[in-house]
file start_17.cif (mmCIF, C-alpha atoms)
data_my_file
loop_
_atom_site.label_atom_id
_atom_site.label_comp_id
_atom_site.auth_asym_id
_atom_site.auth_seq_id
_atom_site.Cartn_x
_atom_site.Cartn_y
_atom_site.Cartn_z
CA LEU K 4 142.62 60.24 130.45
CA PRO K 5 139.86 62.54 131.76
CA ILE K 6 137.74 60.86 134.42
CA GLU K 7 134.62 61.67 132.37
CA LEU K 8 135.95 59.50 129.55
CA CYS K 9 136.79 56.65 131.94
CA GLU K 10 133.29 56.82 133.42
CA ALA K 11 131.76 56.78 129.94
CA VAL K 12 133.73 53.62 129.13
CA MET K 13 132.51 51.95 132.34
CA ASP K 14 128.93 53.01 131.60
CA ALA K 15 129.21 51.23 128.23
CA ILE K 16 130.38 47.91 129.71
CA PRO K 17 126.87 46.48 130.32
CA ALA K 18 125.34 45.52 126.98
CA SER K 19 121.92 45.57 128.63
CA PRO K 20 120.71 48.22 131.07
CA HIS K 21 119.10 45.48 133.16
CA PHE K 22 121.58 42.62 133.13
CA LEU K 23 125.29 41.88 133.63
CA THR K 24 127.02 38.89 132.10
CA ARG K 25 129.77 37.22 134.11
CA ASP K 26 132.46 38.88 131.95
CA GLU K 27 130.85 42.29 132.38
CA TYR K 28 130.62 41.78 136.12
CA ASP K 29 134.28 40.73 136.38
CA THR K 30 135.32 43.74 134.28
CA LEU K 31 133.49 46.17 136.53
CA VAL K 32 134.98 44.55 139.64
CA ALA K 33 138.43 45.01 138.10
CA CYS K 34 137.61 48.67 137.38
CA LYS K 35 136.48 49.11 140.98
CA ASN K 36 139.90 47.97 142.20
CA VAL K 37 141.93 50.32 139.99
CA CYS K 38 141.68 53.43 142.18
CA ASP K 39 139.27 55.39 144.37
CA VAL K 40 138.06 57.55 141.47
CA TRP K 41 137.22 54.55 139.29
CA SER K 42 135.77 52.70 142.26
CA THR K 43 132.95 55.20 142.77
CA ARG K 44 131.54 54.80 139.26
CA ALA K 45 132.10 51.05 139.05
CA ARG K 46 130.37 50.50 142.40
CA THR K 47 127.40 52.58 141.27
CA ILE K 48 126.93 50.37 138.21
CA LEU K 49 127.39 47.19 140.25
CA ASP K 50 124.88 48.43 142.81
CA MET K 51 122.33 49.03 140.06
CA LEU K 52 122.46 45.39 138.88
CA VAL K 53 122.40 43.00 141.84
CA HIS K 54 122.86 39.23 141.33
CA LEU K 55 121.42 36.98 144.08
CA ASP K 56 122.45 33.40 143.36
CA SER K 57 121.07 31.56 146.41
CA PRO K 58 118.46 31.97 149.17
CA GLU K 59 121.32 32.58 151.61
CA ILE K 60 122.64 35.46 149.50
CA VAL K 61 119.11 36.86 149.34
CA SER K 62 118.97 36.88 153.15
CA LEU K 63 122.33 38.66 153.37
CA PHE K 64 121.20 41.20 150.77
CA VAL K 65 117.96 41.90 152.66
CA SER K 66 119.85 42.40 155.93
CA ALA K 67 122.44 44.66 154.30
CA THR K 68 119.78 46.70 152.49
CA ARG K 69 117.90 47.33 155.72
CA ARG K 70 121.13 48.64 157.29
CA GLU K 71 122.16 50.82 154.34
CA SER K 72 121.06 54.41 153.84
CA ALA K 73 118.38 55.20 151.29
CA ASP K 74 120.96 57.01 149.15
CA ARG K 75 122.83 53.74 148.66
CA THR K 76 119.83 51.48 148.01
CA ASN K 77 118.23 53.96 145.62
CA PHE K 78 120.87 53.01 143.05
CA ILE K 79 119.40 49.51 142.74
CA SER K 80 117.39 49.16 139.53
CA THR K 81 117.69 45.45 138.70
CA LEU K 82 117.69 42.21 140.69
CA LEU K 83 118.70 38.86 139.20
CA LEU K 84 117.75 35.70 141.08
CA ASN K 85 119.49 32.71 139.49
CA TRP K 86 119.57 29.58 141.68
CA TYR K 87 120.99 27.22 139.08
CA HIS K 88 123.66 25.84 141.44
CA VAL K 89 121.42 25.63 144.52
CA ARG K 90 120.90 22.14 145.88
CA GLY K 91 117.62 21.23 147.46
CA GLU K 92 114.47 23.32 147.25
CA LYS K 93 114.52 26.21 144.80
CA ASN K 94 111.22 27.74 145.85
CA LEU K 95 110.83 31.49 145.54
CA SER K 96 108.99 31.52 148.87
CA ARG K 97 112.44 31.18 150.47
CA ALA K 98 113.07 34.77 149.35
CA MET K 99 109.88 36.19 150.86
CA ASP K 100 111.65 38.94 152.82
CA LEU K 101 113.01 40.33 149.55
CA PHE K 102 109.53 41.41 148.45
CA MET K 103 109.09 43.50 151.59
CA LEU K 104 111.95 45.85 150.70
CA PRO K 105 110.94 49.40 149.69
CA LEU K 106 113.36 49.83 146.77
CA GLN K 107 112.58 53.26 145.37
CA ASN K 108 114.08 52.99 141.86
CA PHE K 109 113.74 49.25 141.33
CA GLN K 110 112.57 48.49 137.76
CA ALA K 111 113.62 45.02 136.58
CA LEU K 112 113.41 41.54 138.09
CA TYR K 113 115.06 38.48 136.50
CA ILE K 114 114.15 35.05 137.92
CA GLU K 115 115.93 31.93 136.64
CA GLN K 116 115.89 28.25 137.61
CA ILE K 117 113.36 28.76 140.42
CA ARG K 118 109.95 27.35 141.29
CA ILE K 119 107.49 30.22 141.58
CA ASP K 120 105.32 29.31 144.56
CA LEU K 121 104.29 32.69 145.99
CA SER K 122 100.86 32.89 147.56
CA PRO K 123 98.34 35.00 145.59
CA ARG K 124 97.69 36.80 148.88
CA ILE K 125 101.27 38.14 148.84
CA LEU K 126 100.95 39.20 145.21
CA ARG K 127 97.79 41.19 145.94
CA MET K 128 99.17 43.19 148.87
CA ARG K 129 100.17 46.07 146.53
CA LEU K 130 103.74 45.99 147.84
CA LEU K 131 106.07 48.76 146.68
CA PHE K 132 108.48 46.09 145.43
CA PHE K 133 106.03 44.98 142.72
CA THR K 134 104.81 48.49 141.96
CA GLY K 135 108.22 49.49 140.60
CA ILE K 136 108.67 46.53 138.24
CA GLU K 137 108.56 47.48 134.57
CA HIS K 138 110.64 44.56 133.25
CA LEU K 139 109.84 41.03 134.45
CA PHE K 140 111.80 37.99 133.22
CA PHE K 141 111.04 34.32 133.93
CA HIS K 142 113.74 31.96 132.58
CA HIS K 143 113.49 28.18 133.09
CA CYS K 144 111.04 28.65 135.95
CA ASP K 145 108.43 26.20 137.17
CA PHE K 146 104.81 27.28 137.69
CA TYR K 147 102.03 25.00 138.85
CA SER K 148 99.67 26.69 136.37
CA TRP K 149 99.33 29.55 133.90
CA ARG K 150 97.36 31.41 136.58
CA ALA K 151 100.40 31.38 138.87
CA MET K 152 102.50 33.13 136.22
CA LEU K 153 99.75 35.59 135.33
CA ASP K 154 99.12 36.43 139.00
CA PHE K 155 102.76 37.49 139.29
CA ALA K 156 102.55 39.63 136.15
CA TRP K 157 99.21 41.14 137.14
CA ALA K 158 100.71 42.15 140.52
CA CYS K 159 103.01 44.61 138.70
CA PRO K 160 100.78 47.59 137.75
CA ASN K 161 103.54 49.37 135.79
CA LEU K 162 104.75 46.31 133.89
CA THR K 163 105.74 46.98 130.27
CA HIS K 164 108.19 44.14 129.50
CA LEU K 165 107.36 40.51 130.24
CA TYR K 166 109.68 37.59 129.40
CA VAL K 167 108.69 33.97 130.08
CA TYR K 168 111.34 31.70 128.58
CA GLU K 169 111.43 27.88 128.72
CA CYS K 170 109.09 27.65 131.70
CA SER K 171 106.77 24.81 132.70
CA PHE K 172 103.15 25.28 133.69
CA GLY K 173 102.12 21.91 135.07
CA ALA K 174 100.40 19.16 133.13
CA ASP K 175 97.01 20.79 132.62
CA ALA K 176 96.29 22.56 129.36
CA VAL K 177 94.08 25.64 129.27
CA THR K 178 90.41 24.65 128.85
CA PRO K 179 87.50 26.85 127.70
CA GLU K 180 86.28 27.02 131.31
CA SER K 181 89.67 27.98 132.78
CA ALA K 182 90.23 30.44 129.91
CA ALA K 183 87.04 32.28 130.82
CA ARG K 184 88.12 32.43 134.47
CA LEU K 185 91.53 33.81 133.50
CA SER K 186 89.97 36.56 131.40
CA ALA K 187 87.60 37.54 134.20
CA ALA K 188 90.44 37.56 136.75
CA ARG K 189 92.60 39.80 134.56
CA ARG K 190 89.81 42.33 134.16
CA ASN K 191 89.07 42.29 137.87
CA LEU K 192 92.74 42.81 138.82
CA ARG K 193 93.41 45.24 135.94
CA GLY K 194 96.64 43.46 135.07
CA CYS K 195 98.94 43.85 132.06
CA GLN K 196 97.51 47.17 130.93
CA ASN K 197 100.72 48.31 129.17
CA VAL K 198 101.82 45.31 127.08
CA GLY K 199 101.95 46.53 123.48
CA LEU K 200 104.10 44.14 121.39
CA LEU K 201 103.43 40.40 121.51
CA HIS K 202 105.67 37.67 120.00
CA ILE K 203 104.37 34.08 120.11
CA SER K 204 106.47 31.02 119.28
CA VAL K 205 104.76 27.64 118.80
CA ARG K 206 106.64 24.34 118.82
CA ARG K 207 105.47 20.77 118.27
CA PRO K 208 104.16 19.39 121.58
CA CYS K 209 106.36 16.86 123.35
CA GLN K 210 105.49 14.27 125.98
CA SER K 211 106.09 16.64 128.87
CA PRO K 212 104.78 20.21 128.86
CA TYR K 213 107.47 22.50 127.50
CA THR K 214 106.97 26.21 127.25
CA VAL K 215 109.05 29.09 126.05
CA THR K 216 107.61 32.55 126.39
CA TYR K 217 109.47 35.74 125.65
CA THR K 218 108.27 39.28 126.09
CA HIS K 219 110.32 42.36 125.30
CA CYS K 220 109.15 45.97 125.68
CA HIS K 221 105.54 45.10 125.21
CA CYS K 222 106.63 41.83 123.62
CA LEU K 223 105.66 38.24 124.47
CA GLN K 224 106.87 35.03 122.87
CA MET K 225 105.38 31.68 123.95
CA LEU K 226 106.25 28.09 123.18
CA ASP K 227 103.95 25.31 124.41
CA HIS K 228 100.86 23.29 123.60
CA THR K 229 99.14 24.13 126.90
CA TRP K 230 98.42 27.71 125.78
CA ARG K 231 96.30 26.94 122.71
CA LEU K 232 93.04 28.03 124.31
CA LEU K 233 94.68 30.80 126.31
CA PRO K 234 92.70 33.99 125.62
CA GLY K 235 94.78 36.91 124.40
CA ASP K 236 93.07 39.36 126.74
CA VAL K 237 94.94 37.92 129.75
CA PHE K 238 97.82 40.10 128.53
CA GLY K 239 95.74 43.25 128.38
CA ALA K 240 94.33 45.29 125.54
CA ALA K 241 97.24 47.59 124.68
CA LEU K 242 98.81 45.30 122.07
CA THR K 243 99.85 47.12 118.89
CA ARG K 244 102.18 44.58 117.21
CA LEU K 245 102.01 40.78 117.04
CA MET K 246 104.60 38.32 115.70
CA ILE K 247 103.89 34.57 115.67
CA TYR K 248 106.71 32.04 115.22
CA TYR K 249 106.12 28.34 114.44
CA ARG K 250 109.12 26.15 115.26
CA ASP K 251 109.46 22.40 114.71
CA THR K 252 105.77 22.05 114.00
CA ILE K 253 103.54 21.33 111.02
CA GLU K 254 100.34 21.85 112.99
CA SER K 255 97.72 24.25 111.76
CA HIS K 256 97.61 27.66 113.34
CA THR K 257 93.83 27.87 113.54
CA HIS K 258 94.04 28.12 117.33
CA ILE K 259 95.41 31.65 116.86
CA THR K 260 91.83 32.66 116.04
CA SER K 261 90.68 31.97 119.60
CA PHE K 262 93.73 33.81 120.94
CA LEU K 263 92.88 36.95 118.94
CA ARG K 264 89.10 36.88 119.03
CA GLY K 265 87.71 39.94 120.77
CA THR K 266 91.12 41.15 121.95
CA PHE K 267 93.83 43.71 121.13
CA PRO K 268 91.72 46.58 119.75
CA GLN K 269 94.88 48.61 119.13
CA LEU K 270 96.63 45.92 117.06
CA ARG K 271 98.26 47.48 113.98
CA ASP K 272 100.85 44.96 112.75
CA ILE K 273 100.85 41.15 112.64
CA GLY K 274 103.41 38.75 111.18
CA ILE K 275 103.76 34.96 111.01
CA VAL K 276 107.12 33.21 110.66
CA ILE K 277 107.45 29.43 110.11
CA GLU K 278 110.87 28.04 111.04
#
call {"tool": "encode", "arguments": {"input": "start_17.cif", "output": "structure tokens"}}
result
Amino acid sequence: LPIELCEAVMDAIPASPHFLTRDEYDTLVACKNVCDVWSTRARTILDMLVHLDSPEIVSLFVSATRRESADRTNFISTLLLNWYHVRGEKNLSRAMDLFMLPLQNFQALYIEQIRIDLSPRILRMRLLFFTGIEHLFFHHCDFYSWRAMLDFAWACPNLTHLYVYECSFGADAVTPESAARLSAARRNLRGCQNVGLLHISVRRPCQSPYTVTYTHCHCLQMLDHTWRLLPGDVFGAALTRLMIYYRDTIESHTHITSFLRGTFPQLRDIGIVIE
């Protein structure tokens, strides 16, 4: 077969341009071991999507990246930090050196099963690492507050995709006073200026705070009772489409009024789904 056809097949292996499943990863590794010609393309794809599954692997990656030439590291577009199997502390501060890397073409960051405990001072240093992020995913992460999650998102000036899925935000719900502070902070930091499609999912509150938020290409989906007074303008003013999902709840949706009031001047489409 022509090498161009083989390369096209390898390019099609990842279902997502920013994520590799275990099967996809194993397939590309197998392709890399077929021959030198296949190895070049397979390694390029593997280098684009880097999986860091422990703080120790993060340290090794940082050391290796600092030794590699810029031509090699420029391939990297996506980093996945999933510390599901890590024993002991799963604090993101253990990966601090990662955020000092000047990755030129870095675009997507996936964070799973990790406590997000970065200092706001780090997030406001305008590091090149955060400047490149267009796609930001939080899956099953632990934040001490909504402000901690928003600070991370606001630190990414080119952010267009934000996913926050099954995360916890501490025990405190958003109050009118804290909502006003969040709105003022967002305006001051000029965060989330490119989020255009927002999906919100509301579920019946349980005894412990439980949140699911999902954002895709200007899309955000949230699931939690702590966000009811969260002002919509903390996600910027570029919203054009809004979808609201109610799951496992018979509560009224009157709190959506406070979420929308005075926000999203570009909103064109809105839909409500009750599941």
call {"tool": "residues_around", "arguments": {"input": "start_17.cif", "residues": "range 41-46 of chain K", "least_positions_apart": "5", "cutoff": "9 Å", "atoms": "all atoms listed in the file", "output": "ChimeraX atom specification"}}
result
/K:6,9-10,13-14,31-36,51
call {"tool": "resolve_selection", "arguments": {"input": "start_17.cif", "expression": "the PyMOL selection byres ((chain K and resi 55) around 9)", "output": "number ranges by chain"}}
result
K: 53-54, 56-61, 64, 82-86
call {"tool": "resolve_selection", "arguments": {"input": "start_17.cif", "expression": "the PyMOL selection byres ((chain K and resi 238) around 12)", "output": "mmCIF file with C-alpha atoms, in the frame of the given file"}}
result
data_model
loop_
_atom_site.group_PDB
_atom_site.id
_atom_site.type_symbol
_atom_site.label_atom_id
_atom_site.label_comp_id
_atom_site.auth_asym_id
_atom_site.auth_seq_id
_atom_site.Cartn_x
_atom_site.Cartn_y
_atom_site.Cartn_z
ATOM 1 C CA TRP K 149 99.330 29.550 133.900
ATOM 2 C CA ARG K 150 97.360 31.410 136.580
ATOM 3 C CA MET K 152 102.500 33.130 136.220
ATOM 4 C CA LEU K 153 99.750 35.590 135.330
ATOM 5 C CA ASP K 154 99.120 36.430 139.000
ATOM 6 C CA ALA K 156 102.550 39.630 136.150
ATOM 7 C CA TRP K 157 99.210 41.140 137.140
ATOM 8 C CA LEU K 162 104.750 46.310 133.890
ATOM 9 C CA THR K 163 105.740 46.980 130.270
ATOM 10 C CA HIS K 164 108.190 44.140 129.500
ATOM 11 C CA LEU K 165 107.360 40.510 130.240
ATOM 12 C CA LEU K 185 91.530 33.810 133.500
ATOM 13 C CA SER K 186 89.970 36.560 131.400
ATOM 14 C CA ALA K 187 87.600 37.540 134.200
ATOM 15 C CA ALA K 188 90.440 37.560 136.750
ATOM 16 C CA ARG K 189 92.600 39.800 134.560
ATOM 17 C CA ARG K 190 89.810 42.330 134.160
ATOM 18 C CA LEU K 192 92.740 42.810 138.820
ATOM 19 C CA ARG K 193 93.410 45.240 135.940
ATOM 20 C CA GLY K 194 96.640 43.460 135.070
ATOM 21 C CA CYS K 195 98.940 43.850 132.060
ATOM 22 C CA GLN K 196 97.510 47.170 130.930
ATOM 23 C CA ASN K 197 100.720 48.310 129.170
ATOM 24 C CA VAL K 198 101.820 45.310 127.080
ATOM 25 C CA GLY K 199 101.950 46.530 123.480
ATOM 26 C CA LEU K 200 104.100 44.140 121.390
ATOM 27 C CA LEU K 201 103.430 40.400 121.510
ATOM 28 C CA HIS K 202 105.670 37.670 120.000
ATOM 29 C CA THR K 218 108.270 39.280 126.090
ATOM 30 C CA HIS K 221 105.540 45.100 125.210
ATOM 31 C CA CYS K 222 106.630 41.830 123.620
ATOM 32 C CA LEU K 223 105.660 38.240 124.470
ATOM 33 C CA GLN K 224 106.870 35.030 122.870
ATOM 34 C CA LEU K 233 94.680 30.800 126.310
ATOM 35 C CA PRO K 234 92.700 33.990 125.620
ATOM 36 C CA GLY K 235 94.780 36.910 124.400
ATOM 37 C CA ASP K 236 93.070 39.360 126.740
ATOM 38 C CA VAL K 237 94.940 37.920 129.750
ATOM 39 C CA GLY K 239 95.740 43.250 128.380
ATOM 40 C CA ALA K 240 94.330 45.290 125.540
ATOM 41 C CA ALA K 241 97.240 47.590 124.680
ATOM 42 C CA LEU K 242 98.810 45.300 122.070
ATOM 43 C CA PHE K 262 93.730 33.810 120.940
ATOM 44 C CA LEU K 263 92.880 36.950 118.940
ATOM 45 C CA THR K 266 91.120 41.150 121.950
ATOM 46 C CA PHE K 267 93.830 43.710 121.130
#
call {"tool": "atom_distance", "arguments": {"input": "start_17.cif", "atom1": "CA of Leu121 in chain K", "atom2": "CA of Ser96 in chain K"}}
result
5.6 Å
call {"tool": "atom_distance", "arguments": {"input": "start_17.cif", "atom1": "CA of Val65 in chain K", "atom2": "CA of Ile79 in chain K"}}
result
12.6 Å
call {"tool": "atom_distance", "arguments": {"input": "start_17.cif", "atom1": "CA of Ile117 in chain K", "atom2": "CA of Thr81 in chain K"}}
result
17.3 Å
call {"tool": "resolve_selection", "arguments": {"input": "start_17.cif", "expression": "the PyMOL selection byres ((chain K and resi 131-136) around 10)", "output": "ChimeraX atom specification"}}
result
/K:80-81,101-112,126-130,137-139,155-164
